[in-house]
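Below is the file model-v9.cif, which contains mmCIF, C-alpha atoms and all ligand atoms.
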data_input
#
loop_
_atom_site.label_atom_id
_atom_site.label_comp_id
_atom_site.auth_asym_id
_atom_site.auth_seq_id
_atom_site.Cartn_x
_atom_site.Cartn_y
_atom_site.Cartn_z
CA MET A 1 -10.95 20.20 9.44
CA SER A 2 -11.05 20.59 5.69
CA HIS A 3 -8.41 19.01 3.46
CA LYS A 4 -7.55 19.62 -0.20
CA LEU A 5 -6.35 16.45 -1.90
CA ALA A 6 -4.48 15.81 -5.16
CA PHE A 7 -4.18 12.25 -6.50
CA ILE A 8 -1.07 11.13 -8.36
CA GLY A 9 -2.24 7.98 -10.15
CA PHE A 10 -5.88 6.99 -10.31
CA GLY A 11 -6.04 3.22 -10.76
CA VAL A 12 -7.60 0.60 -8.49
CA VAL A 13 -6.49 2.10 -5.16
CA GLY A 14 -7.00 5.76 -6.09
CA GLN A 15 -10.54 5.03 -7.22
CA GLY A 16 -11.07 2.95 -4.08
CA LEU A 17 -10.31 5.97 -1.88
CA ALA A 18 -12.44 8.26 -4.08
CA GLU A 19 -15.42 5.90 -3.65
CA ILE A 20 -14.92 5.80 0.12
CA LEU A 21 -14.77 9.62 0.34
CA LEU A 22 -18.03 9.76 -1.58
CA GLU A 23 -19.83 7.04 0.39
CA LYS A 24 -18.63 8.11 3.85
CA LYS A 25 -18.69 11.89 3.37
CA GLU A 26 -21.39 12.60 5.96
CA GLU A 27 -20.25 9.95 8.46
CA LEU A 28 -16.65 11.26 8.38
CA LYS A 29 -17.89 14.80 8.92
CA GLN A 30 -20.11 13.82 11.84
CA LYS A 31 -17.75 11.40 13.58
CA GLU A 32 -14.31 12.87 12.84
CA GLY A 33 -14.97 16.46 11.77
CA PHE A 34 -13.18 15.38 8.58
CA GLU A 35 -13.97 17.05 5.25
CA ALA A 36 -12.06 16.52 2.01
CA THR A 37 -12.15 18.24 -1.35
CA VAL A 38 -10.43 16.51 -4.25
CA VAL A 39 -8.87 19.39 -6.19
CA ALA A 40 -6.72 17.46 -8.66
CA ILE A 41 -6.05 14.08 -10.22
CA SER A 42 -3.05 13.42 -12.46
CA ASP A 43 -2.74 10.01 -14.11
CA LEU A 44 -0.36 8.88 -16.83
CA MET A 45 -2.90 7.53 -19.35
CA LYS A 46 -6.25 8.53 -17.86
CA GLY A 47 -5.48 12.25 -18.09
CA SER A 48 -5.23 15.07 -15.59
CA ILE A 49 -7.74 17.57 -14.16
CA TYR A 50 -7.46 20.38 -11.61
CA HIS A 51 -10.00 22.76 -10.20
CA PRO A 52 -8.96 24.99 -7.27
CA ASN A 53 -12.49 24.89 -5.82
CA GLY A 54 -12.72 21.13 -6.04
CA LEU A 55 -13.94 18.39 -8.38
CA ASP A 56 -17.24 16.54 -8.10
CA ILE A 57 -16.02 13.02 -7.19
CA ASP A 58 -19.19 11.33 -8.38
CA LEU A 59 -18.84 13.04 -11.75
CA VAL A 60 -15.13 12.20 -11.91
CA LEU A 61 -15.84 8.48 -11.40
CA LYS A 62 -18.71 8.53 -13.91
CA THR A 63 -16.61 10.36 -16.51
CA LEU A 64 -13.80 7.83 -16.12
CA LYS A 65 -16.15 4.85 -16.27
CA GLU A 66 -18.00 6.11 -19.32
CA THR A 67 -15.16 7.58 -21.37
CA GLY A 68 -11.92 6.18 -19.92
CA ASN A 69 -10.41 9.69 -19.74
CA LEU A 70 -10.62 12.20 -16.90
CA GLU A 71 -10.19 15.10 -19.30
CA ASN A 72 -13.75 14.51 -20.56
CA TYR A 73 -14.93 15.97 -17.22
CA PRO A 74 -17.38 18.84 -17.94
CA LYS A 75 -15.51 21.99 -19.01
CA VAL A 76 -16.49 24.20 -16.06
CA PRO A 77 -14.78 27.63 -15.72
CA SER A 78 -11.28 27.47 -14.14
CA LEU A 79 -10.87 23.76 -14.91
CA VAL A 80 -7.28 23.00 -15.89
CA THR A 81 -6.33 19.86 -17.80
CA GLY A 82 -3.10 18.16 -18.79
CA TRP A 83 -0.83 18.91 -15.82
CA ASP A 84 1.74 16.18 -15.17
CA SER A 85 2.45 14.73 -11.73
CA PHE A 86 5.12 17.27 -10.73
CA LYS A 87 3.14 20.34 -11.82
CA THR A 88 0.13 18.92 -9.98
CA ILE A 89 2.16 18.38 -6.80
CA LYS A 90 3.88 21.77 -6.87
CA GLU A 91 1.33 24.13 -8.40
CA THR A 92 -2.13 23.04 -7.29
CA ASN A 93 -3.60 24.34 -4.04
CA ALA A 94 -3.69 20.79 -2.54
CA ASP A 95 -2.38 20.44 1.01
CA THR A 96 -2.07 16.65 0.81
CA ILE A 97 -0.83 14.45 -2.03
CA ILE A 98 -2.29 10.96 -2.42
CA GLU A 99 0.54 9.05 -4.14
CA VAL A 100 -0.98 5.94 -5.70
CA SER A 101 1.06 5.52 -8.85
CA TYR A 102 2.68 2.17 -9.58
CA THR A 103 5.51 0.70 -7.49
CA ASP A 104 8.76 0.49 -9.45
CA VAL A 105 10.68 -2.30 -7.72
CA LYS A 106 14.04 -1.29 -9.20
CA THR A 107 14.29 2.47 -8.69
CA GLY A 108 11.21 3.50 -6.68
CA GLN A 109 10.87 6.35 -9.20
CA PRO A 110 9.22 8.66 -10.05
CA ALA A 111 7.47 8.22 -6.69
CA ILE A 112 10.57 9.10 -4.63
CA ASP A 113 10.81 12.42 -6.49
CA HIS A 114 7.04 12.91 -6.09
CA CYS A 115 7.53 12.72 -2.31
CA LYS A 116 10.50 15.13 -2.39
CA ALA A 117 8.57 17.65 -4.50
CA ALA A 118 5.60 17.44 -2.14
CA PHE A 119 7.62 17.82 1.06
CA GLU A 120 9.60 20.73 -0.39
CA SER A 121 6.24 22.37 -1.28
CA ARG A 122 5.18 21.79 2.37
CA LYS A 123 2.52 19.26 1.46
CA ASN A 124 1.67 16.04 3.31
CA VAL A 125 1.93 12.75 1.42
CA VAL A 126 -0.14 9.64 2.05
CA MET A 127 0.73 6.71 -0.13
CA THR A 128 0.43 2.99 -0.84
CA ASN A 129 3.36 3.00 -3.27
CA LYS A 130 6.04 0.90 -1.59
CA GLY A 131 9.08 2.13 -3.55
CA PRO A 132 9.84 5.33 -1.63
CA VAL A 133 9.48 3.68 1.79
CA ALA A 134 11.56 0.62 0.88
CA LEU A 135 14.32 2.51 -0.92
CA ALA A 136 14.47 5.97 0.66
CA TYR A 137 12.87 5.75 4.12
CA LYS A 138 15.60 7.63 6.01
CA GLU A 139 16.04 10.47 3.53
CA LEU A 140 12.32 11.02 3.00
CA SER A 141 11.31 10.79 6.65
CA GLU A 142 13.98 13.40 7.48
CA LEU A 143 12.79 15.65 4.65
CA ALA A 144 9.15 15.42 5.75
CA LYS A 145 10.21 16.28 9.30
CA LYS A 146 12.36 19.20 8.14
CA HIS A 147 9.40 20.72 6.30
CA GLY A 148 6.93 19.99 9.10
CA VAL A 149 4.64 17.78 7.03
CA TYR A 150 3.18 14.30 7.52
CA TRP A 151 4.20 11.20 5.56
CA GLY A 152 1.75 8.31 5.88
CA PHE A 153 2.25 4.90 4.30
CA GLU A 154 0.10 2.45 6.25
CA GLY A 155 -1.07 0.68 3.06
CA THR A 156 2.44 -0.22 1.92
CA VAL A 157 2.35 -3.36 4.09
CA MET A 158 -0.81 -5.51 4.28
CA SER A 159 -3.15 -3.00 2.62
CA GLY A 160 -5.55 -1.44 5.17
CA THR A 161 -4.71 -3.97 7.92
CA PRO A 162 -2.80 -1.86 10.49
CA SER A 163 0.48 -3.80 10.32
CA LEU A 164 2.50 -0.58 10.77
CA ARG A 165 0.27 1.52 13.00
CA MET A 166 -0.48 -1.32 15.45
CA PRO A 167 3.15 -2.08 16.46
CA ILE A 168 4.13 1.61 16.49
CA GLU A 169 1.20 2.66 18.66
CA ALA A 170 -0.36 -0.29 20.47
CA LEU A 171 2.85 -2.31 20.99
CA ALA A 172 5.05 0.68 21.89
CA GLY A 173 7.47 -0.18 24.72
CA ASN A 174 8.10 -3.69 23.42
CA GLU A 175 11.26 -4.65 21.60
CA ILE A 176 10.31 -6.53 18.44
CA ASN A 177 13.16 -8.85 17.52
CA GLU A 178 11.43 -11.11 15.04
CA ILE A 179 8.66 -10.77 12.46
CA ARG A 180 7.21 -13.54 10.31
CA GLY A 181 4.26 -13.61 7.99
CA ILE A 182 2.49 -13.73 4.65
CA PHE A 183 2.81 -10.30 3.04
CA ASN A 184 1.53 -10.74 -0.50
CA GLY A 185 -2.15 -11.11 -1.33
CA THR A 186 -1.75 -12.15 -4.97
CA THR A 187 0.51 -15.13 -4.31
CA ASN A 188 -1.54 -16.29 -1.34
CA TYR A 189 -4.65 -16.06 -3.51
CA ILE A 190 -2.96 -18.09 -6.27
CA LEU A 191 -1.72 -20.82 -3.89
CA THR A 192 -5.15 -21.05 -2.22
CA LYS A 193 -6.98 -21.33 -5.54
CA MET A 194 -4.53 -23.92 -6.89
CA GLU A 195 -4.95 -26.07 -3.79
CA LYS A 196 -8.66 -25.69 -3.05
CA GLU A 197 -10.07 -25.46 -6.58
CA GLY A 198 -7.34 -27.22 -8.54
CA ILE A 199 -7.14 -24.35 -11.05
CA SER A 200 -3.92 -23.58 -12.89
CA TYR A 201 -1.35 -20.99 -11.81
CA GLU A 202 -2.12 -18.87 -14.92
CA GLU A 203 -5.87 -18.90 -14.29
CA ALA A 204 -5.45 -18.01 -10.61
CA LEU A 205 -3.08 -15.14 -11.46
CA LYS A 206 -5.58 -13.81 -14.01
CA GLU A 207 -8.29 -13.79 -11.33
CA ALA A 208 -6.00 -11.95 -8.89
CA GLN A 209 -5.36 -9.33 -11.57
CA GLN A 210 -9.09 -8.94 -12.30
CA LEU A 211 -9.77 -8.49 -8.58
CA GLY A 212 -7.22 -5.64 -8.41
CA TYR A 213 -4.79 -7.50 -6.11
CA ALA A 214 -1.78 -7.80 -8.43
CA GLU A 215 0.85 -5.17 -9.21
CA ALA A 216 0.79 -3.48 -12.64
CA ASP A 217 3.63 -5.91 -13.47
CA PRO A 218 2.69 -9.09 -11.57
CA THR A 219 6.27 -10.35 -11.79
CA SER A 220 6.72 -8.32 -8.59
CA ASP A 221 4.15 -10.46 -6.82
CA VAL A 222 5.00 -13.91 -8.11
CA GLU A 223 8.80 -13.54 -7.85
CA GLY A 224 8.54 -12.28 -4.26
CA TYR A 225 9.85 -8.73 -4.93
CA ASP A 226 6.72 -7.10 -3.50
CA ALA A 227 6.99 -9.13 -0.26
CA ARG A 228 10.72 -8.26 -0.13
CA TYR A 229 9.88 -4.53 -0.24
CA LYS A 230 7.48 -5.07 2.66
CA VAL A 231 10.21 -6.87 4.65
CA VAL A 232 12.51 -3.87 4.15
CA ILE A 233 9.77 -1.43 5.20
CA LEU A 234 9.08 -3.42 8.40
CA ALA A 235 12.79 -3.69 9.24
CA ASN A 236 13.37 0.05 8.80
CA TYR A 237 10.15 1.42 10.24
CA ILE A 238 9.24 -1.09 12.97
CA MET A 239 12.60 -2.58 13.97
CA GLY A 240 14.71 0.54 13.31
CA VAL A 241 17.30 -1.37 11.27
CA PRO A 242 18.52 0.07 7.94
CA LEU A 243 18.01 -3.18 6.01
CA LYS A 244 18.39 -2.85 2.24
CA VAL A 245 16.50 -4.65 -0.52
CA GLU A 246 19.69 -6.33 -1.80
CA ASP A 247 20.30 -7.82 1.68
CA VAL A 248 17.13 -9.95 1.46
CA PRO A 249 17.33 -13.25 -0.46
CA CYS A 250 14.11 -13.71 -2.35
CA LYS A 251 12.37 -16.57 -4.13
CA GLY A 252 8.86 -16.52 -5.54
CA ILE A 253 6.18 -19.11 -6.25
CA THR A 254 6.57 -19.55 -10.02
CA ASP A 255 8.16 -23.02 -9.71
CA ILE A 256 5.41 -24.51 -7.53
CA THR A 257 3.29 -26.97 -9.50
CA LEU A 258 -0.22 -28.32 -8.88
CA LYS A 259 1.47 -31.70 -8.27
CA GLU A 260 3.67 -30.27 -5.50
CA ILE A 261 0.67 -28.56 -3.93
CA LYS A 262 -1.20 -31.88 -3.86
CA GLU A 263 1.84 -33.71 -2.43
CA ALA A 264 2.09 -31.13 0.36
CA LYS A 265 -1.60 -31.62 1.14
CA ASP A 266 -1.10 -35.39 1.39
CA GLU A 267 1.74 -34.72 3.89
CA GLY A 268 -0.56 -32.52 6.03
CA LYS A 269 1.18 -29.37 4.82
CA ARG A 270 0.44 -26.29 2.72
CA TRP A 271 2.70 -24.07 0.57
CA LYS A 272 2.91 -20.44 1.69
CA LEU A 273 5.15 -17.58 0.58
CA LEU A 274 6.76 -16.72 3.90
CA ALA A 275 8.63 -13.57 4.81
CA LYS A 276 10.94 -13.55 7.84
CA ILE A 277 12.98 -10.92 9.64
CA LYS A 278 15.12 -11.68 12.71
CA LYS A 279 17.55 -9.57 14.72
CA GLU A 280 20.57 -11.67 15.74
CA ASN A 281 22.85 -9.61 18.01
CA ASP A 282 23.97 -6.73 15.76
CA ARG A 283 22.85 -8.45 12.58
CA ILE A 284 19.49 -8.74 10.90
CA VAL A 285 18.61 -11.78 8.83
CA ALA A 286 15.66 -11.64 6.46
CA SER A 287 14.25 -13.69 3.61
CA VAL A 288 11.28 -14.28 1.33
CA ALA A 289 10.67 -17.84 0.10
CA PRO A 290 7.94 -20.44 -0.32
CA GLU A 291 7.76 -23.02 2.45
CA LYS A 292 5.59 -26.03 3.26
CA VAL A 293 3.99 -25.18 6.60
CA ASP A 294 2.23 -27.68 8.88
CA LEU A 295 -1.54 -27.37 8.87
CA VAL A 296 -1.39 -26.67 12.62
CA ASP A 297 0.70 -23.53 11.96
CA PRO A 298 -1.67 -20.51 12.24
CA LEU A 299 -0.28 -19.20 8.94
CA ALA A 300 -1.56 -22.32 7.13
CA SER A 301 -5.16 -21.19 7.55
CA ILE A 302 -4.60 -17.76 5.96
CA ASP A 303 -6.54 -18.04 2.70
CA GLY A 304 -6.96 -15.98 -0.44
CA ALA A 305 -5.83 -12.34 -0.48
CA VAL A 306 -5.68 -12.26 3.32
CA ASN A 307 -2.24 -11.68 4.90
CA ALA A 308 -0.92 -12.29 8.41
CA ILE A 309 1.97 -11.06 10.51
CA THR A 310 3.42 -12.24 13.83
CA TYR A 311 5.50 -9.82 15.91
CA GLU A 312 7.70 -11.41 18.61
CA CYS A 313 7.52 -8.85 21.43
CA ASP A 314 9.82 -8.95 24.49
CA LEU A 315 7.07 -7.96 26.94
CA LEU A 316 3.98 -9.45 25.35
CA GLY A 317 5.26 -12.52 23.49
CA PRO A 318 3.95 -13.27 20.00
CA VAL A 319 1.17 -11.08 18.66
CA THR A 320 -0.46 -12.06 15.37
CA LEU A 321 -2.54 -9.77 13.17
CA SER A 322 -4.38 -10.93 10.08
CA GLY A 323 -6.54 -9.13 7.57
CA ALA A 324 -6.78 -7.94 3.98
CA GLY A 325 -3.47 -7.90 2.12
CA ALA A 326 -4.76 -6.27 -1.07
CA GLY A 327 -7.92 -4.92 -2.71
CA LYS A 328 -9.60 -1.73 -3.90
CA LYS A 329 -11.62 -0.67 -0.85
CA GLU A 330 -9.26 -2.34 1.61
CA THR A 331 -6.26 -0.36 0.33
CA GLY A 332 -8.34 2.77 -0.19
CA PHE A 333 -9.08 2.51 3.52
CA SER A 334 -5.36 2.54 4.35
CA LEU A 335 -5.17 6.02 2.81
CA LEU A 336 -8.27 7.11 4.69
CA ILE A 337 -6.77 6.10 8.05
CA ASP A 338 -3.65 8.16 7.28
CA LEU A 339 -5.89 11.12 6.36
CA ILE A 340 -7.88 10.70 9.57
CA HIS A 341 -4.56 10.72 11.45
CA ILE A 342 -3.64 14.09 9.86
CA ASN A 343 -7.10 15.41 10.70
CA ARG A 344 -6.87 14.36 14.36
CA LYS A 345 -3.39 15.88 14.71
CA GLN A 346 -4.58 19.19 13.22
CA LYS A 347 -7.63 19.21 15.49
CA LEU A 348 -5.33 18.81 18.52
CA ILE A 349 -3.21 21.75 17.37
CA THR A 350 -6.20 24.05 16.89
CA VAL A 351 -7.94 23.37 20.26
N1 LIG A 401 -3.94 -2.97 -5.48
C1 LIG A 401 -3.67 -3.24 -4.21
O1 LIG A 401 -4.35 -4.04 -3.57
C2 LIG A 401 -2.54 -2.56 -3.53
C3 LIG A 401 -1.70 -1.69 -4.20
N2 LIG A 401 -0.66 -1.08 -3.54
C4 LIG A 401 0.17 -0.11 -4.24
O2 LIG A 401 -0.63 1.03 -4.53
C5 LIG A 401 -0.22 1.63 -5.76
C6 LIG A 401 -1.42 1.73 -6.68
O3 LIG A 401 -1.90 0.43 -6.92
P1 LIG A 401 -3.10 0.15 -7.93
O4 LIG A 401 -4.05 1.27 -7.84
O5 LIG A 401 -3.53 -1.22 -7.68
O6 LIG A 401 -2.33 0.20 -9.30
P2 LIG A 401 -2.91 0.60 -10.73
O7 LIG A 401 -1.92 0.10 -11.71
O8 LIG A 401 -4.33 0.19 -10.83
O9 LIG A 401 -2.89 2.20 -10.69
C7 LIG A 401 -1.72 2.94 -10.76
C8 LIG A 401 -2.05 4.18 -11.56
O10 LIG A 401 -0.93 5.05 -11.52
C9 LIG A 401 -0.81 5.61 -12.81
N3 LIG A 401 0.55 6.08 -12.96
C10 LIG A 401 1.69 5.37 -13.15
N4 LIG A 401 2.74 6.20 -13.20
C11 LIG A 401 2.28 7.47 -13.04
C12 LIG A 401 2.87 8.76 -13.02
N5 LIG A 401 4.18 8.92 -13.18
N6 LIG A 401 2.07 9.83 -12.84
C13 LIG A 401 0.75 9.68 -12.70
N7 LIG A 401 0.12 8.48 -12.73
C14 LIG A 401 0.88 7.40 -12.89
C15 LIG A 401 -1.19 4.50 -13.76
O11 LIG A 401 -1.53 5.09 -14.99
P3 LIG A 401 -2.05 4.33 -16.30
O12 LIG A 401 -2.42 2.93 -15.92
O13 LIG A 401 -3.21 5.16 -16.69
O14 LIG A 401 -0.90 4.37 -17.20
C16 LIG A 401 -2.36 3.87 -13.02
O15 LIG A 401 -3.59 4.47 -13.33
C17 LIG A 401 0.90 0.75 -6.31
O16 LIG A 401 2.12 1.36 -6.00
C18 LIG A 401 0.75 -0.57 -5.55
O17 LIG A 401 1.98 -1.21 -5.35
C19 LIG A 401 -0.45 -1.26 -2.19
C20 LIG A 401 -1.25 -2.10 -1.48
C21 LIG A 401 -2.32 -2.85 -2.09
N1 LIG A 402 0.15 -6.74 -5.20
C1 LIG A 402 0.13 -6.63 -3.78
C2 LIG A 402 -0.80 -5.52 -3.39
C3 LIG A 402 -0.59 -5.07 -2.02
O1 LIG A 402 0.49 -4.69 -1.60
C4 LIG A 402 -0.34 -7.92 -3.14
O2 LIG A 402 -0.86 -8.76 -3.88
O3 LIG A 402 -0.14 -8.10 -1.94
#

Could you take the file, read its structure, and then write that structure out as C-alpha cells?
Amino acid sequence: MSHKLAFIGFGVVGQGLAEILLEKKEELKQKEGFEATVVAISDLMKGSIYHPNGLDIDLVLKTLKETGNLENYPKVPSLVTGWDSFKTIKETNADTIIEVSYTDVKTGQPAIDHCKAAFESRKNVVMTNKGPVALAYKELSELAKKHGVYWGFEGTVMSGTPSLRMPIEALAGNEINEIRGIFNGTTNYILTKMEKEGISYEEALKEAQQLGYAEADPTSDVEGYDARYKVVILANYIMGVPLKVEDVPCKGITDITLKEIKEAKDEGKRWKLLAKIKKENDRIVASVAPEKVDLVDPLASIDGAVNAITYECDLLGPVTLSGAGAGKKETGFSLLIDLIHINRKQKLITV
C-alpha cells in the first residue's frame, strides 16, 4: 500500500522517522508492501514545504542540514512553501499526519486541534506528542472513530518500546490492576550519569539535551510532568480509567544532590524517578516521585535513557518490559510501527 505523509514539526523525532523511511525504503516494500511518500512538512521555525507528488527525503534532510531552513529546498514546479500546520493538515493531499510538534504540558495545544483538524479531514494521525492523549483521549478517540480514521500514539509512552501495543494485544484477556515503572529517559539518564560518573546535574542534563532525549522545555522532564502525562495515558488507554493529570501528585528530581546519590549507594540503594498506578476498588491511585530502590529491585538496573514498566496481570502475574525511553531513531521507530499497523489493516481490507 502507498501512503502520503505530512509532518507537523520536524525536530529530532520527525527527522528520525524521515531517516528510517529513507534507509528502510526497499526493506519495507519487500517485507510489508509498505510505501510512503512524504508530501509535506510544516515546522514553526524551519519552514514549510509541500509538493503533491512528493518530496525527495534525502534532499529535504540535506537542505535542512546545510541551510537550517526547509524552504531552501530546490524550487521545482508545483512546490508550495509557507503553509502553516492547519493549512498543511487540511489542504495537502496527505492521507496520514505525523504529529511531532512539541508537547505542551499545560494545554496540549495546538496539537489537540491538529488532531481534530486531521480527523475531520478524514486523515489518520500518528504521533509522539503526549498532550492530546493525556488531556483529550476520550474526545479524540471518539472523533477518530466517527470519521473512520486511525489514531496511533505508541511513542507517547517509552518511545519505540511497545509499552502500549504489548498490553493491548499480547496481554489481552488479563485485567491489569497495577503498573509501576521508570517512564522518563532524561531523568534516568541524569541519575545514572550522576551516580556512575559523578558528573553534575547540569552537565548530565546538557548531555541528555544534546542526545535528543529531553523535551523542548526540560522542566517537563526534571519536574516529573512528562512522566505524569505517561501515567495518565496508561491509566486511560490500558486500564480504562479516566484519570486526569491533576489527580496525579508529582515530584521531580531537581532536589537530588550528588551527596544523596552517594549516600544511597552506600546503603545499597539507587535513586529512581518512579511512576505508579494502582486500582483500589473503584478508585485509582497514581503518583510520580523519586524513590531510593534496593539494588535487588529489577528497576535499579535500568540505566541511562532506558525505561521499564511492570504490568500486574490477573492471569499472568507481573510482566516487565524494558527498552528505549527516548531517542531519535528509537522514537522515529514508534511512528513507523503505527504506520505499519495502518498498512497491515488496509491490506486486510483490500484482500
Ligand atoms: N525526543 C524524544 O526522545 C521523544 C519525544 N517525544 C515527543 O515527540 C515530540 C517531538 O519531539 P522532538 O522531535 O524531540 O522535539 P523537537 O523540539 O526536536 O521538535 C519539535 C518540532 O516541532 C516544531 N513545532 C513546534 N510547534 C509547532 C507547530 N505549531 N507547528 C509546526 N511545528 C511546530 C518545532 O519547531 P522549531 O523548533 O523549529 O520552532 C520543532 O522543530 C514532542 O511532543 C515530544 O514530547 C516522545 C517520545 C520521545
Ligand atoms: N523527554 C522524554 C522523551 C520521551 O518521551 C524522556 O526523556 O523520556

Close residues to ligand LIG 402 (chain A) using all atoms listed in the file, limit 10 Å, as a ChimeraX atom specification: /A:13,103,128-130,155-160,182-190,208-209,212-222,224-227,229-230,305-307,324-328,330-331

Selection near Gly317 of chain A, 12 Å with only C-alpha atoms, sequence-local residues under 4 positions removed, as a VMD selection string: chain A and resid 171 174 to 179 310 to 313

Shell of 10 Å around Gly131 of chain A, only C-alpha atoms, local chain residues under 6 positions omitted, as a ChimeraX atom specification: /A:102-112,137,156,226,229-230,233

Non-local contacts of Ile20 of chain A (12 Å; all atoms listed in the file; under 6 positions in same chain excluded) as a list in words: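 Final neighbour list, sorted by chain and number: Val13, Gly14, Glu26, Glu27, Leu28, Ala36, Ile57, Asp58, Leu61, Lys328, Lys329, Glu330, Thr331, Gly332, Phe333, Ser334, Leu335, Leu336 and Ile337 of chain A.
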
Deliver the residues from the most recent selection as a file, using C-alpha atoms, as an mmCIF file, keeping the file's coordinate frame.
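What ended up in result13.cif:
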data_model
loop_
_atom_site.group_PDB
_atom_site.id
_atom_site.type_symbol
_atom_site.label_atom_id
_atom_site.label_comp_id
_atom_site.auth_asym_id
_atom_site.auth_seq_id
_atom_site.Cartn_x
_atom_site.Cartn_y
_atom_site.Cartn_z
ATOM 1 C CA VAL A 13 -6.490 2.100 -5.160
ATOM 2 C CA GLY A 14 -7.000 5.760 -6.090
ATOM 3 C CA GLU A 26 -21.390 12.600 5.960
ATOM 4 C CA GLU A 27 -20.250 9.950 8.460
ATOM 5 C CA LEU A 28 -16.650 11.260 8.380
ATOM 6 C CA ALA A 36 -12.060 16.520 2.010
ATOM 7 C CA ILE A 57 -16.020 13.020 -7.190
ATOM 8 C CA ASP A 58 -19.190 11.330 -8.380
ATOM 9 C CA LEU A 61 -15.840 8.480 -11.400
ATOM 10 C CA LYS A 328 -9.600 -1.730 -3.900
ATOM 11 C CA LYS A 329 -11.620 -0.670 -0.850
ATOM 12 C CA GLU A 330 -9.260 -2.340 1.610
ATOM 13 C CA THR A 331 -6.260 -0.360 0.330
ATOM 14 C CA GLY A 332 -8.340 2.770 -0.190
ATOM 15 C CA PHE A 333 -9.080 2.510 3.520
ATOM 16 C CA SER A 334 -5.360 2.540 4.350
ATOM 17 C CA LEU A 335 -5.170 6.020 2.810
ATOM 18 C CA LEU A 336 -8.270 7.110 4.690
ATOM 19 C CA ILE A 337 -6.770 6.100 8.050
#

Could the centre and edge lengths of an axis-aligned box, enclosing all atoms of segment 41-57 of chain A in the file with 5 Å extra on each side, be given in Å to one decimal as JSON?
{"center_x": -8.8, "center_y": 16.3, "center_z": -12.6, "size_x": 26.9, "size_y": 27.5, "size_z": 23.5}

Gap from atom CA of Val80 of chain A to atom CA of Val39 of chain A - Å, one decimal: 10.5 Å

N, CA, C and O atoms are what I want for segment 40-51 of chain A; can you complete it accordingly and write them as a PDB file, in the coordinates of the input?
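Result file out-v8.pdb:
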ATOM      1  N   ALA A  40      -7.429  17.858  -7.433  1.00  0.00           N
ATOM      2  CA  ALA A  40      -6.720  17.460  -8.660  1.00  0.00           C
ATOM      3  C   ALA A  40      -6.488  15.956  -8.728  1.00  0.00           C
ATOM      4  O   ALA A  40      -6.375  15.289  -7.697  1.00  0.00           O
ATOM      5  N   ILE A  41      -6.444  15.474  -9.968  1.00  0.00           N
ATOM      6  CA  ILE A  41      -6.050  14.080 -10.220  1.00  0.00           C
ATOM      7  C   ILE A  41      -5.140  14.107 -11.445  1.00  0.00           C
ATOM      8  O   ILE A  41      -5.493  14.690 -12.474  1.00  0.00           O
ATOM      9  N   SER A  42      -3.955  13.481 -11.309  1.00  0.00           N
ATOM     10  CA  SER A  42      -3.050  13.420 -12.460  1.00  0.00           C
ATOM     11  C   SER A  42      -2.649  11.962 -12.666  1.00  0.00           C
ATOM     12  O   SER A  42      -2.044  11.343 -11.797  1.00  0.00           O
ATOM     13  N   ASP A  43      -3.030  11.419 -13.808  1.00  0.00           N
ATOM     14  CA  ASP A  43      -2.740  10.010 -14.110  1.00  0.00           C
ATOM     15  C   ASP A  43      -2.060   9.948 -15.481  1.00  0.00           C
ATOM     16  O   ASP A  43      -2.378  10.728 -16.379  1.00  0.00           O
ATOM     17  N   LEU A  44      -1.170   8.984 -15.615  1.00  0.00           N
ATOM     18  CA  LEU A  44      -0.360   8.880 -16.830  1.00  0.00           C
ATOM     19  C   LEU A  44      -1.211   8.748 -18.092  1.00  0.00           C
ATOM     20  O   LEU A  44      -1.062   9.528 -19.028  1.00  0.00           O
ATOM     21  N   MET A  45      -2.111   7.775 -18.138  1.00  0.00           N
ATOM     22  CA  MET A  45      -2.900   7.530 -19.350  1.00  0.00           C
ATOM     23  C   MET A  45      -4.337   8.021 -19.239  1.00  0.00           C
ATOM     24  O   MET A  45      -4.998   8.232 -20.253  1.00  0.00           O
ATOM     25  N   LYS A  46      -4.838   8.166 -18.021  1.00  0.00           N
ATOM     26  CA  LYS A  46      -6.250   8.530 -17.860  1.00  0.00           C
ATOM     27  C   LYS A  46      -6.454  10.046 -17.849  1.00  0.00           C
ATOM     28  O   LYS A  46      -7.572  10.519 -17.681  1.00  0.00           O
ATOM     29  N   GLY A  47      -5.362  10.796 -18.005  1.00  0.00           N
ATOM     30  CA  GLY A  47      -5.480  12.250 -18.090  1.00  0.00           C
ATOM     31  C   GLY A  47      -5.342  12.938 -16.741  1.00  0.00           C
ATOM     32  O   GLY A  47      -5.118  12.295 -15.704  1.00  0.00           O
ATOM     33  N   SER A  48      -5.495  14.263 -16.792  1.00  0.00           N
ATOM     34  CA  SER A  48      -5.230  15.070 -15.590  1.00  0.00           C
ATOM     35  C   SER A  48      -6.206  16.236 -15.515  1.00  0.00           C
ATOM     36  O   SER A  48      -6.421  16.941 -16.505  1.00  0.00           O
ATOM     37  N   ILE A  49      -6.812  16.442 -14.346  1.00  0.00           N
ATOM     38  CA  ILE A  49      -7.740  17.570 -14.160  1.00  0.00           C
ATOM     39  C   ILE A  49      -7.460  18.249 -12.819  1.00  0.00           C
ATOM     40  O   ILE A  49      -7.093  17.604 -11.840  1.00  0.00           O
ATOM     41  N   TYR A  50      -7.669  19.584 -12.837  1.00  0.00           N
ATOM     42  CA  TYR A  50      -7.460  20.380 -11.610  1.00  0.00           C
ATOM     43  C   TYR A  50      -8.492  21.491 -11.571  1.00  0.00           C
ATOM     44  O   TYR A  50      -8.704  22.194 -12.561  1.00  0.00           O
ATOM     45  N   HIS A  51      -9.142  21.605 -10.421  1.00  0.00           N
ATOM     46  CA  HIS A  51     -10.000  22.760 -10.200  1.00  0.00           C
ATOM     47  C   HIS A  51      -9.754  23.257  -8.773  1.00  0.00           C
ATOM     48  O   HIS A  51      -9.949  22.514  -7.810  1.00  0.00           O
TER      49      HIS A  51
END
